[in-house]
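Have a look at work_8.csv below; it lists CSV, C-alpha atoms.
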```
chain,number,residue,atom,x,y,z
A,1,MET,CA,72.1,-87.2,114.8
A,2,ASN,CA,74.7,-88.1,112.2
A,3,ASN,CA,72.4,-90.8,110.8
A,4,TYR,CA,69.6,-88.3,110.3
A,5,VAL,CA,72.0,-85.9,108.5
A,6,ASN,CA,73.1,-88.8,106.3
A,7,HIS,CA,69.4,-89.6,105.6
A,8,TYR,CA,68.9,-86.0,104.5
A,9,LYS,CA,72.0,-86.1,102.3
A,10,GLU,CA,70.6,-89.3,100.7
A,11,LYS,CA,67.2,-87.8,100.3
A,12,LEU,CA,68.6,-84.7,98.5
A,13,ILE,CA,70.5,-86.9,96.2
A,14,GLU,CA,67.4,-89.0,95.5
A,15,VAL,CA,65.4,-85.8,94.8
A,16,LEU,CA,68.1,-84.4,92.4
A,17,ASP,CA,68.4,-87.7,90.6
A,18,LYS,CA,64.6,-87.8,90.2
A,19,ILE,CA,64.6,-84.2,88.8
A,20,TYR,CA,67.4,-85.1,86.4
A,21,GLU,CA,65.6,-88.3,85.3
A,22,THR,CA,62.1,-87.0,85.0
A,23,GLN,CA,62.2,-83.2,84.4
A,24,SER,CA,65.1,-82.8,82.0
A,25,GLY,CA,62.7,-82.5,79.0
A,26,LYS,CA,60.8,-79.8,80.7
A,27,ILE,CA,64.0,-78.0,81.7
A,28,GLU,CA,65.0,-78.2,78.1
A,29,LYS,CA,61.7,-76.6,76.9
A,30,ALA,CA,61.9,-73.9,79.5
A,31,ALA,CA,65.5,-73.1,78.4
A,32,ASP,CA,64.2,-72.8,74.8
A,33,MET,CA,61.6,-70.3,76.0
A,34,LEU,CA,64.3,-68.3,77.8
A,35,VAL,CA,66.5,-68.3,74.8
A,36,ASP,CA,63.7,-67.0,72.6
A,37,ALA,CA,63.1,-64.2,75.1
A,38,ILE,CA,66.8,-63.3,75.1
A,39,VAL,CA,67.2,-63.4,71.4
A,40,ASN,CA,64.0,-61.4,70.8
A,41,LYS,CA,65.0,-58.7,73.4
A,42,LYS,CA,62.2,-59.6,75.8
A,43,ALA,CA,62.4,-59.2,79.5
A,44,ILE,CA,62.8,-62.1,81.9
A,45,TYR,CA,61.1,-62.0,85.4
A,46,ALA,CA,61.2,-64.3,88.4
A,47,PHE,CA,58.9,-64.4,91.4
A,48,GLY,CA,58.5,-66.5,94.6
A,49,PRO,CA,56.8,-65.4,97.8
A,50,SER,CA,58.5,-65.7,101.2
A,51,HIS,CA,61.0,-68.6,101.3
A,52,ALA,CA,60.2,-69.5,97.7
A,53,GLY,CA,61.9,-66.3,96.9
A,54,MET,CA,65.2,-67.7,97.8
A,55,ILE,CA,65.2,-69.3,94.4
A,56,VAL,CA,64.7,-65.9,92.8
A,57,GLU,CA,67.7,-64.6,94.8
A,58,GLU,CA,69.7,-67.5,93.5
A,59,MET,CA,69.0,-66.3,89.9
A,60,VAL,CA,69.6,-62.5,90.3
A,61,TYR,CA,72.8,-60.6,90.1
A,62,ARG,CA,74.8,-63.7,90.9
A,63,ALA,CA,78.2,-64.9,89.9
A,64,GLY,CA,77.7,-67.4,87.1
A,65,GLY,CA,74.1,-66.3,86.7
A,66,LEU,CA,72.2,-64.7,83.8
A,67,ALA,CA,72.4,-61.0,84.0
A,68,LEU,CA,68.9,-60.6,82.5
A,69,VAL,CA,66.8,-62.1,85.3
A,70,ASN,CA,64.6,-59.4,86.9
A,71,PRO,CA,63.2,-60.1,90.4
A,72,ILE,CA,59.7,-59.2,91.4
A,73,HIS,CA,60.1,-58.2,95.0
A,74,ALA,CA,57.6,-57.0,97.5
A,75,SER,CA,58.8,-56.0,101.0
A,76,ALA,CA,55.8,-57.6,102.7
A,77,LEU,CA,56.7,-61.0,101.2
A,78,LEU,CA,60.4,-61.0,102.1
A,79,PRO,CA,61.8,-63.0,105.1
A,80,ASN,CA,62.8,-59.7,106.7
A,81,ALA,CA,59.2,-58.5,107.0
A,82,ARG,CA,58.1,-57.9,110.6
A,83,PRO,CA,56.2,-59.5,112.0
A,84,MET,CA,57.2,-62.3,109.7
A,85,THR,CA,53.7,-63.8,109.9
A,86,ILE,CA,52.6,-60.9,107.7
A,87,THR,CA,54.1,-62.7,104.7
A,88,THR,CA,51.4,-65.5,105.1
A,89,ALA,CA,48.6,-62.9,105.2
A,90,MET,CA,49.9,-61.0,102.2
A,91,GLU,CA,50.5,-64.0,100.0
A,92,ARG,CA,46.8,-64.9,100.5
A,93,LEU,CA,45.5,-61.4,99.8
A,94,PRO,CA,43.4,-61.4,96.6
A,95,GLY,CA,44.4,-58.5,94.2
A,96,TYR,CA,48.0,-58.2,95.5
A,97,ALA,CA,49.6,-60.0,92.6
A,98,SER,CA,47.8,-57.7,90.1
A,99,VAL,CA,49.2,-54.7,91.9
A,100,LEU,CA,52.7,-56.1,91.8
A,101,LEU,CA,52.6,-56.9,88.1
A,102,LYS,CA,51.3,-53.4,87.2
A,103,LYS,CA,53.3,-51.3,89.7
A,104,ALA,CA,56.6,-53.2,90.4
A,105,THR,CA,57.4,-54.4,86.9
A,106,SER,CA,57.4,-53.3,83.2
A,107,ILE,CA,56.2,-56.8,82.2
A,108,LYS,CA,54.5,-57.0,78.8
A,109,LYS,CA,53.4,-59.4,76.0
A,110,GLY,CA,56.1,-61.8,75.0
A,111,ASP,CA,58.1,-61.5,78.2
A,112,PHE,CA,59.0,-64.6,80.3
A,113,LEU,CA,57.9,-65.1,83.9
A,114,LEU,CA,59.2,-67.9,86.2
A,115,ILE,CA,57.1,-68.5,89.4
A,116,HIS,CA,58.4,-70.7,92.2
A,117,SER,CA,55.7,-72.0,94.5
A,118,VAL,CA,56.1,-75.2,96.5
A,119,SER,CA,52.3,-75.9,97.0
A,120,ALA,CA,50.9,-73.9,94.0
A,121,ARG,CA,47.8,-73.2,96.1
A,122,ILE,CA,48.2,-69.6,97.4
A,123,PRO,CA,46.4,-66.7,95.8
A,124,ILE,CA,49.4,-64.5,95.0
A,125,VAL,CA,51.1,-67.1,92.7
A,126,ILE,CA,47.8,-68.2,91.1
A,127,GLU,CA,46.6,-64.7,90.5
A,128,MET,CA,50.1,-63.7,89.1
A,129,ALA,CA,50.0,-66.6,86.7
A,130,ILE,CA,46.4,-65.7,85.6
A,131,GLU,CA,47.2,-62.0,85.1
A,132,ALA,CA,50.5,-62.7,83.3
A,133,LYS,CA,48.8,-65.1,80.9
A,134,LYS,CA,46.1,-62.4,80.2
A,135,MET,CA,49.0,-60.1,79.2
A,136,GLY,CA,50.5,-62.6,76.8
A,137,VAL,CA,53.4,-63.5,79.0
A,138,ASN,CA,55.0,-66.9,78.9
A,139,VAL,CA,54.7,-68.5,82.3
A,140,VAL,CA,56.8,-71.3,83.7
A,141,GLY,CA,56.2,-72.7,87.2
A,142,ILE,CA,58.4,-74.7,89.6
A,143,VAL,CA,56.1,-76.7,91.8
A,144,ASN,CA,56.2,-79.6,94.2
A,145,MET,CA,53.6,-81.7,92.4
A,146,ASP,CA,53.1,-84.3,95.1
A,147,PHE,CA,52.3,-81.4,97.5
A,148,ALA,CA,50.1,-79.5,95.0
A,149,LYS,CA,48.0,-82.6,94.1
A,150,ASN,CA,47.1,-83.2,97.7
A,151,VAL,CA,45.9,-79.8,98.7
A,152,THR,CA,43.1,-77.5,97.4
A,153,SER,CA,43.3,-73.9,96.1
A,154,LEU,CA,43.1,-71.0,98.5
A,155,ASP,CA,42.4,-68.6,95.6
A,156,PRO,CA,38.9,-67.3,94.9
A,157,SER,CA,39.2,-68.7,91.4
A,158,GLY,CA,39.5,-72.2,92.8
A,159,LYS,CA,42.4,-72.8,90.4
A,160,MET,CA,45.9,-74.1,91.2
A,161,MET,CA,49.0,-72.4,89.8
A,162,HIS,CA,50.2,-75.4,87.9
A,163,GLU,CA,46.9,-75.5,86.0
A,164,ILE,CA,47.6,-72.1,84.5
A,165,CYS,CA,51.3,-72.1,83.6
A,166,ASP,CA,52.5,-72.9,80.1
A,167,LEU,CA,55.0,-75.3,81.5
A,168,VAL,CA,55.5,-76.8,85.0
A,169,ILE,CA,58.8,-78.3,86.4
A,170,ASP,CA,58.3,-80.6,89.3
A,171,ASN,CA,60.8,-80.1,92.1
A,172,CYS,CA,60.1,-83.8,93.1
A,173,GLY,CA,59.7,-83.1,96.8
A,174,GLU,CA,57.1,-84.7,99.1
A,175,LEU,CA,53.9,-83.5,100.7
A,176,GLY,CA,54.8,-80.8,103.2
A,177,ASP,CA,58.3,-80.2,101.8
A,178,ALA,CA,60.1,-81.3,105.0
A,179,SER,CA,61.7,-84.7,104.4
A,180,ILE,CA,63.2,-86.2,107.6
A,181,ALA,CA,61.3,-87.8,110.4
A,182,VAL,CA,63.2,-87.5,113.7
A,183,GLU,CA,62.1,-90.0,116.4
A,184,GLY,CA,60.1,-88.2,119.1
A,185,LEU,CA,59.1,-85.3,116.8
A,186,PRO,CA,55.7,-85.4,115.1
A,187,GLN,CA,56.7,-82.9,112.4
A,188,LYS,CA,59.3,-83.7,109.8
A,189,VAL,CA,62.3,-81.4,109.4
A,190,ALA,CA,64.7,-80.4,106.6
A,191,PRO,CA,62.9,-79.2,103.5
A,192,THR,CA,64.2,-80.1,100.0
A,193,SER,CA,62.7,-77.3,97.9
A,194,THR,CA,65.6,-74.9,98.2
A,195,VAL,CA,68.2,-77.3,97.1
A,196,ALA,CA,65.9,-78.7,94.4
A,197,GLY,CA,64.9,-75.3,93.2
A,198,SER,CA,68.5,-74.1,92.9
A,199,PHE,CA,69.4,-77.2,90.9
A,200,ILE,CA,66.5,-76.6,88.5
A,201,VAL,CA,67.2,-72.9,87.9
A,202,ASN,CA,71.0,-73.4,87.6
A,203,SER,CA,70.3,-76.3,85.2
A,204,LEU,CA,68.2,-73.8,83.2
A,205,VAL,CA,71.2,-71.4,83.1
A,206,ILE,CA,73.5,-74.1,81.8
A,207,LYS,CA,71.0,-75.1,79.1
A,208,VAL,CA,70.4,-71.5,78.1
A,209,CYS,CA,74.2,-70.9,77.8
A,210,GLU,CA,74.6,-74.0,75.7
A,211,LYS,CA,71.8,-73.0,73.3
A,212,LEU,CA,73.0,-69.4,73.0
A,213,ILE,CA,76.5,-70.5,72.2
A,214,GLU,CA,75.1,-72.8,69.5
A,215,GLN,CA,73.6,-69.7,67.9
A,216,GLY,CA,76.9,-67.8,68.1
A,217,ILE,CA,75.7,-65.6,70.9
A,218,GLU,CA,77.8,-65.0,74.0
A,219,PRO,CA,75.6,-65.6,77.1
A,220,PRO,CA,75.1,-62.6,79.3
A,221,VAL,CA,76.6,-64.1,82.5
A,222,PHE,CA,78.0,-62.3,85.5
A,223,ARG,CA,81.5,-62.8,86.8
A,224,SER,CA,82.2,-62.9,90.5
A,225,GLY,CA,82.7,-59.3,91.8
A,226,ASN,CA,85.7,-60.6,93.8
A,227,LEU,CA,87.6,-61.5,90.7
A,228,ASP,CA,90.1,-58.9,89.3
A,229,GLY,CA,88.5,-57.0,86.4
A,230,ALA,CA,85.0,-58.3,87.1
A,231,ASN,CA,83.4,-55.0,88.1
A,232,SER,CA,84.2,-53.4,84.8
A,233,PHE,CA,83.1,-56.6,82.9
A,234,ASN,CA,79.8,-56.7,84.8
A,235,ALA,CA,79.2,-53.0,84.4
A,236,GLU,CA,79.7,-53.3,80.6
A,237,LEU,CA,77.4,-56.3,80.6
A,238,ILE,CA,74.6,-54.4,82.3
A,239,GLU,CA,75.1,-51.4,79.9
A,240,ASN,CA,75.0,-53.6,76.8
A,241,ASN,CA,71.8,-55.2,78.0
A,242,LYS,CA,70.1,-52.3,79.8
A,243,GLU,CA,66.9,-52.6,77.7
A,244,GLN,CA,66.2,-56.0,79.3
A,245,ILE,CA,67.6,-55.3,82.8
A,246,HIS,CA,65.1,-53.4,85.0
A,247,TYR,CA,66.4,-54.1,88.5
A,248,MET,CA,69.4,-51.7,88.3
A,249,TYR,CA,67.4,-48.6,87.6
```
Would you put the structure from the file into structure tokens?
Amino acid sequence: MNNYVNHYKEKLIEVLDKIYETQSGKIEKAADMLVDAIVNKKAIYAFGPSHAGMIVEEMVYRAGGLALVNPIHASALLPNARPMTITTAMERLPGYASVLLKKATSIKKGDFLLIHSVSARIPIVIEMAIEAKKMGVNVVGIVNMDFAKNVTSLDPSGKMMHEICDLVIDNCGELGDASIAVEGLPQKVAPTSTVAGSFIVNSLVIKVCEKLIEQGIEPPVFRSGNLDGANSFNAELIENNKEQIHYMY
């Protein structure tokens, strides 16, 4: 067992190294897009269905995270949905993404949308990217390109999400996401997309902060609520940026 765990650790390091070596330029470009949105008082949104949404949770209302990231949530797509299999049905339901964009957000032209989808093939992320682009929204995707290139679209358009986004960051995982083959088990275990996605979005936060400081702008970053004085600091941060923060109201 310990050998398998060590293999997983080594696999994660391999994936993170590959992201750093091959995707840094794209992370830099995505950070530029985020900085433009912040400076120009545009809204920032993030979406991921089911387990892909864990990366959205990583970005929102988080100590050390940007205060301006607005999550796009839908109860039927969250892991607490019951029965949980409903998430698979809903993420494949044509038209659902259009309803989410129109009813669950105030998204508009010039805003920024980050979509996390490991396979890039399901209708909800494809349709969301298509509809957002029609609205003039800047769309960045986080995708497992090895996965996406080896499957076909499930959307009526026949398109894949990465074909629509303005910019795509590869999470450098493998087909099927799970990464460790255990002897006697036909299915691999231990996905890499959560760790990889967290590394990507937190790398984005770091780059955005660097770029804002270069412009003489203090980055809107939350402090841990368990630090003394943090609650008042965070409340003031939200108040000062309330035109771009929609998840608190």
Glu57 of chain A proximity check over A:Ser24, A:Ser193, A:Asn70, A:Asn241, using all atoms listed in the file: winner is A:Asn70
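Shortest separation to Ala196 of chain A among A:Ala74, A:Leu12, A:Gly229, A:Gly65 occurs at residue A:Leu12, atoms counted being only C-alpha atoms.
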Quick one: everything within 12 Å of Thr22 of chain A, counting only C-alpha atoms, minus sequence neighbours fewer than 4 positions away in the same chain. Send it as a CSV table (one decimal) with C-alpha atoms, in the frame of the given file.
```csv
chain,number,residue,atom,x,y,z
A,14,GLU,CA,67.4,-89.0,95.5
A,15,VAL,CA,65.4,-85.8,94.8
A,16,LEU,CA,68.1,-84.4,92.4
A,17,ASP,CA,68.4,-87.7,90.6
A,18,LYS,CA,64.6,-87.8,90.2
A,26,LYS,CA,60.8,-79.8,80.7
A,27,ILE,CA,64.0,-78.0,81.7
A,28,GLU,CA,65.0,-78.2,78.1
A,169,ILE,CA,58.8,-78.3,86.4
A,170,ASP,CA,58.3,-80.6,89.3
A,171,ASN,CA,60.8,-80.1,92.1
A,172,CYS,CA,60.1,-83.8,93.1
A,200,ILE,CA,66.5,-76.6,88.5
```
d(atom CA of Gly64 of chain A, atom CA of Val140 of chain A) in Å: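 Those two atoms sit 21.5 Å apart.
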Can you tell me which residues surround Val139 of chain A at a distance of at most 9 Å, considering only C-alpha atoms, apart from same-chain residues fewer than 3 positions away, and format the answer as a CSV table (one decimal) with C-alpha atoms, in the coordinates of the input?
```csv
chain,number,residue,atom,x,y,z
A,111,ASP,CA,58.1,-61.5,78.2
A,112,PHE,CA,59.0,-64.6,80.3
A,113,LEU,CA,57.9,-65.1,83.9
A,114,LEU,CA,59.2,-67.9,86.2
A,115,ILE,CA,57.1,-68.5,89.4
A,129,ALA,CA,50.0,-66.6,86.7
A,132,ALA,CA,50.5,-62.7,83.3
A,133,LYS,CA,48.8,-65.1,80.9
A,164,ILE,CA,47.6,-72.1,84.5
A,165,CYS,CA,51.3,-72.1,83.6
A,166,ASP,CA,52.5,-72.9,80.1
A,167,LEU,CA,55.0,-75.3,81.5
A,168,VAL,CA,55.5,-76.8,85.0
```
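With all atoms listed in the file as the basis for measurement, A:Pro71 is the residue among A:Gly48, A:Gly141, A:Pro220, A:Pro71 that approaches Ser106 of chain A most closely.
Note that atom CA of Val35 of chain A and atom CA of Ser98 of chain A are 26.4 Å apart.
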In Å and to one decimal, atom CA of Gly53 of chain A is distant from atom CA of Ala190 of chain A by 17.3 Å
Neighbours of point (43.0, -68.2, 97.2) within 8 Å, using all atoms listed in the file, written as a list in words:
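Residues with an atom close enough to that point: Arg92, Leu93, Pro94, Arg121, Ile122, Pro123, Ile124, Ile126, Ser153, Leu154, Asp155, Pro156, Ser157 and Gly158 of chain A.
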query: Which is closer to Ile107 of chain A than all the others in A:Gly225, A:Pro186, A:Pro219, A:Gly136, using only C-alpha atoms?
result: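 Ranked by minimum distance to Ile107 of chain A, first place goes to A:Gly136.
In terms of minimum interatomic distance to Ile245 of chain A, A:Thr105 ranks closest within A:Glu10, A:Ile55, A:Ala63, A:Thr105, counting all atoms listed in the file.
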Q | Met90 of chain A environment, 12 Å, all atoms listed in the file, sequence neighbours closer than 2 positions dropped, as a list in words | A | Pro49, Ser50, Ala74, Ser75, Ala76, Leu77, Leu78, Ala81, Pro83, Met84, Thr85, Ile86, Thr87, Thr88, Arg92, Leu93, Pro94, Gly95, Tyr96, Ala97, Leu100, Ile122, Pro123, Ile124 and Val125 of chain A
Writing out the chosen residues with C-alpha atoms as a compact mmCIF listing (two decimals), keeping the file's coordinate frame:
```txt
# COMPACT_ATOMS: atom_id res chain seq x y z
CA PRO A 49 56.80 -65.40 97.80
CA SER A 50 58.50 -65.70 101.20
CA ALA A 74 57.60 -57.00 97.50
CA SER A 75 58.80 -56.00 101.00
CA ALA A 76 55.80 -57.60 102.70
CA LEU A 77 56.70 -61.00 101.20
CA LEU A 78 60.40 -61.00 102.10
CA ALA A 81 59.20 -58.50 107.00
CA PRO A 83 56.20 -59.50 112.00
CA MET A 84 57.20 -62.30 109.70
CA THR A 85 53.70 -63.80 109.90
CA ILE A 86 52.60 -60.90 107.70
CA THR A 87 54.10 -62.70 104.70
CA THR A 88 51.40 -65.50 105.10
CA ARG A 92 46.80 -64.90 100.50
CA LEU A 93 45.50 -61.40 99.80
CA PRO A 94 43.40 -61.40 96.60
CA GLY A 95 44.40 -58.50 94.20
CA TYR A 96 48.00 -58.20 95.50
CA ALA A 97 49.60 -60.00 92.60
CA LEU A 100 52.70 -56.10 91.80
CA ILE A 122 48.20 -69.60 97.40
CA PRO A 123 46.40 -66.70 95.80
CA ILE A 124 49.40 -64.50 95.00
CA VAL A 125 51.10 -67.10 92.70
```
Using all atoms listed in the file, which residue out of A:Arg62, A:Lys149, A:Val69, A:Val189 lies closest to Asn234 of chain A?
->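 Closest to Asn234 of chain A, using all atoms listed in the file: A:Arg62.
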Incomplete segment 28-58 of chain A filled out to N, CA and C atoms as a PDB file, in the frame of the given file:
```pdb
ATOM      1  N   GLU A  28      64.590 -78.467  79.427  1.00  0.00           N
ATOM      2  CA  GLU A  28      65.000 -78.200  78.100  1.00  0.00           C
ATOM      3  C   GLU A  28      64.016 -77.208  77.382  1.00  0.00           C
ATOM      4  N   LYS A  29      62.723 -77.497  77.527  1.00  0.00           N
ATOM      5  CA  LYS A  29      61.700 -76.600  76.900  1.00  0.00           C
ATOM      6  C   LYS A  29      61.698 -75.238  77.543  1.00  0.00           C
ATOM      7  N   ALA A  30      61.855 -75.184  78.863  1.00  0.00           N
ATOM      8  CA  ALA A  30      61.900 -73.900  79.500  1.00  0.00           C
ATOM      9  C   ALA A  30      63.130 -73.093  79.070  1.00  0.00           C
ATOM     10  N   ALA A  31      64.250 -73.780  78.870  1.00  0.00           N
ATOM     11  CA  ALA A  31      65.500 -73.100  78.400  1.00  0.00           C
ATOM     12  C   ALA A  31      65.222 -72.565  76.969  1.00  0.00           C
ATOM     13  N   ASP A  32      64.492 -73.294  76.128  1.00  0.00           N
ATOM     14  CA  ASP A  32      64.200 -72.800  74.800  1.00  0.00           C
ATOM     15  C   ASP A  32      63.344 -71.507  74.879  1.00  0.00           C
ATOM     16  N   MET A  33      62.406 -71.469  75.817  1.00  0.00           N
ATOM     17  CA  MET A  33      61.600 -70.300  76.000  1.00  0.00           C
ATOM     18  C   MET A  33      62.440 -69.092  76.468  1.00  0.00           C
ATOM     19  N   LEU A  34      63.392 -69.365  77.348  1.00  0.00           N
ATOM     20  CA  LEU A  34      64.300 -68.300  77.800  1.00  0.00           C
ATOM     21  C   LEU A  34      65.185 -67.798  76.693  1.00  0.00           C
ATOM     22  N   VAL A  35      65.698 -68.712  75.887  1.00  0.00           N
ATOM     23  CA  VAL A  35      66.500 -68.300  74.800  1.00  0.00           C
ATOM     24  C   VAL A  35      65.754 -67.435  73.788  1.00  0.00           C
ATOM     25  N   ASP A  36      64.517 -67.819  73.504  1.00  0.00           N
ATOM     26  CA  ASP A  36      63.700 -67.000  72.600  1.00  0.00           C
ATOM     27  C   ASP A  36      63.491 -65.603  73.181  1.00  0.00           C
ATOM     28  N   ALA A  37      63.280 -65.519  74.494  1.00  0.00           N
ATOM     29  CA  ALA A  37      63.100 -64.200  75.100  1.00  0.00           C
ATOM     30  C   ALA A  37      64.382 -63.377  74.995  1.00  0.00           C
ATOM     31  N   ILE A  38      65.531 -64.000  75.223  1.00  0.00           N
ATOM     32  CA  ILE A  38      66.800 -63.300  75.100  1.00  0.00           C
ATOM     33  C   ILE A  38      67.087 -62.813  73.726  1.00  0.00           C
ATOM     34  N   VAL A  39      66.924 -63.701  72.769  1.00  0.00           N
ATOM     35  CA  VAL A  39      67.200 -63.400  71.400  1.00  0.00           C
ATOM     36  C   VAL A  39      66.285 -62.281  70.854  1.00  0.00           C
ATOM     37  N   ASN A  40      65.029 -62.313  71.290  1.00  0.00           N
ATOM     38  CA  ASN A  40      64.000 -61.400  70.800  1.00  0.00           C
ATOM     39  C   ASN A  40      63.929 -60.111  71.701  1.00  0.00           C
ATOM     40  N   LYS A  41      64.923 -59.939  72.586  1.00  0.00           N
ATOM     41  CA  LYS A  41      65.000 -58.700  73.400  1.00  0.00           C
ATOM     42  C   LYS A  41      63.802 -58.567  74.352  1.00  0.00           C
ATOM     43  N   LYS A  42      63.264 -59.671  74.811  1.00  0.00           N
ATOM     44  CA  LYS A  42      62.200 -59.600  75.800  1.00  0.00           C
ATOM     45  C   LYS A  42      62.718 -59.687  77.181  1.00  0.00           C
ATOM     46  N   ALA A  43      61.920 -59.256  78.127  1.00  0.00           N
ATOM     47  CA  ALA A  43      62.400 -59.200  79.500  1.00  0.00           C
ATOM     48  C   ALA A  43      62.080 -60.575  80.200  1.00  0.00           C
ATOM     49  N   ILE A  44      62.922 -60.918  81.167  1.00  0.00           N
ATOM     50  CA  ILE A  44      62.800 -62.100  81.900  1.00  0.00           C
ATOM     51  C   ILE A  44      62.550 -61.760  83.407  1.00  0.00           C
ATOM     52  N   TYR A  45      61.485 -62.319  83.990  1.00  0.00           N
ATOM     53  CA  TYR A  45      61.100 -62.000  85.400  1.00  0.00           C
ATOM     54  C   TYR A  45      61.077 -63.326  86.187  1.00  0.00           C
ATOM     55  N   ALA A  46      61.312 -63.201  87.491  1.00  0.00           N
ATOM     56  CA  ALA A  46      61.200 -64.300  88.400  1.00  0.00           C
ATOM     57  C   ALA A  46      60.539 -63.904  89.683  1.00  0.00           C
ATOM     58  N   PHE A  47      59.671 -64.768  90.206  1.00  0.00           N
ATOM     59  CA  PHE A  47      58.900 -64.400  91.400  1.00  0.00           C
ATOM     60  C   PHE A  47      58.757 -65.663  92.300  1.00  0.00           C
ATOM     61  N   GLY A  48      58.864 -65.443  93.595  1.00  0.00           N
ATOM     62  CA  GLY A  48      58.500 -66.500  94.600  1.00  0.00           C
ATOM     63  C   GLY A  48      58.266 -65.764  95.903  1.00  0.00           C
ATOM     64  N   PRO A  49      57.137 -66.028  96.549  1.00  0.00           N
ATOM     65  CA  PRO A  49      56.800 -65.400  97.800  1.00  0.00           C
ATOM     66  C   PRO A  49      57.546 -66.006  99.002  1.00  0.00           C
ATOM     67  N   SER A  50      57.920 -65.203  99.964  1.00  0.00           N
ATOM     68  CA  SER A  50      58.500 -65.700 101.200  1.00  0.00           C
ATOM     69  C   SER A  50      59.738 -66.572 100.917  1.00  0.00           C
ATOM     70  N   HIS A  51      59.798 -67.769 101.506  1.00  0.00           N
ATOM     71  CA  HIS A  51      61.000 -68.600 101.300  1.00  0.00           C
ATOM     72  C   HIS A  51      61.131 -69.117  99.894  1.00  0.00           C
ATOM     73  N   ALA A  52      60.057 -69.175  99.143  1.00  0.00           N
ATOM     74  CA  ALA A  52      60.200 -69.500  97.700  1.00  0.00           C
ATOM     75  C   ALA A  52      60.993 -68.531  96.968  1.00  0.00           C
ATOM     76  N   GLY A  53      61.073 -67.317  97.514  1.00  0.00           N
ATOM     77  CA  GLY A  53      61.900 -66.300  96.900  1.00  0.00           C
ATOM     78  C   GLY A  53      63.356 -66.489  96.950  1.00  0.00           C
ATOM     79  N   MET A  54      63.801 -67.451  97.759  1.00  0.00           N
ATOM     80  CA  MET A  54      65.200 -67.700  97.800  1.00  0.00           C
ATOM     81  C   MET A  54      65.732 -68.233  96.439  1.00  0.00           C
ATOM     82  N   ILE A  55      64.868 -68.872  95.691  1.00  0.00           N
ATOM     83  CA  ILE A  55      65.200 -69.300  94.400  1.00  0.00           C
ATOM     84  C   ILE A  55      65.393 -68.150  93.416  1.00  0.00           C
ATOM     85  N   VAL A  56      64.589 -67.114  93.619  1.00  0.00           N
ATOM     86  CA  VAL A  56      64.700 -65.900  92.800  1.00  0.00           C
ATOM     87  C   VAL A  56      66.083 -65.236  93.158  1.00  0.00           C
ATOM     88  N   GLU A  57      66.420 -65.174  94.446  1.00  0.00           N
ATOM     89  CA  GLU A  57      67.700 -64.600  94.800  1.00  0.00           C
ATOM     90  C   GLU A  57      68.865 -65.375  94.199  1.00  0.00           C
ATOM     91  N   GLU A  58      68.705 -66.677  94.085  1.00  0.00           N
ATOM     92  CA  GLU A  58      69.700 -67.500  93.500  1.00  0.00           C
ATOM     93  C   GLU A  58      69.974 -67.116  92.015  1.00  0.00           C
TER      94      GLU A  58
END
```
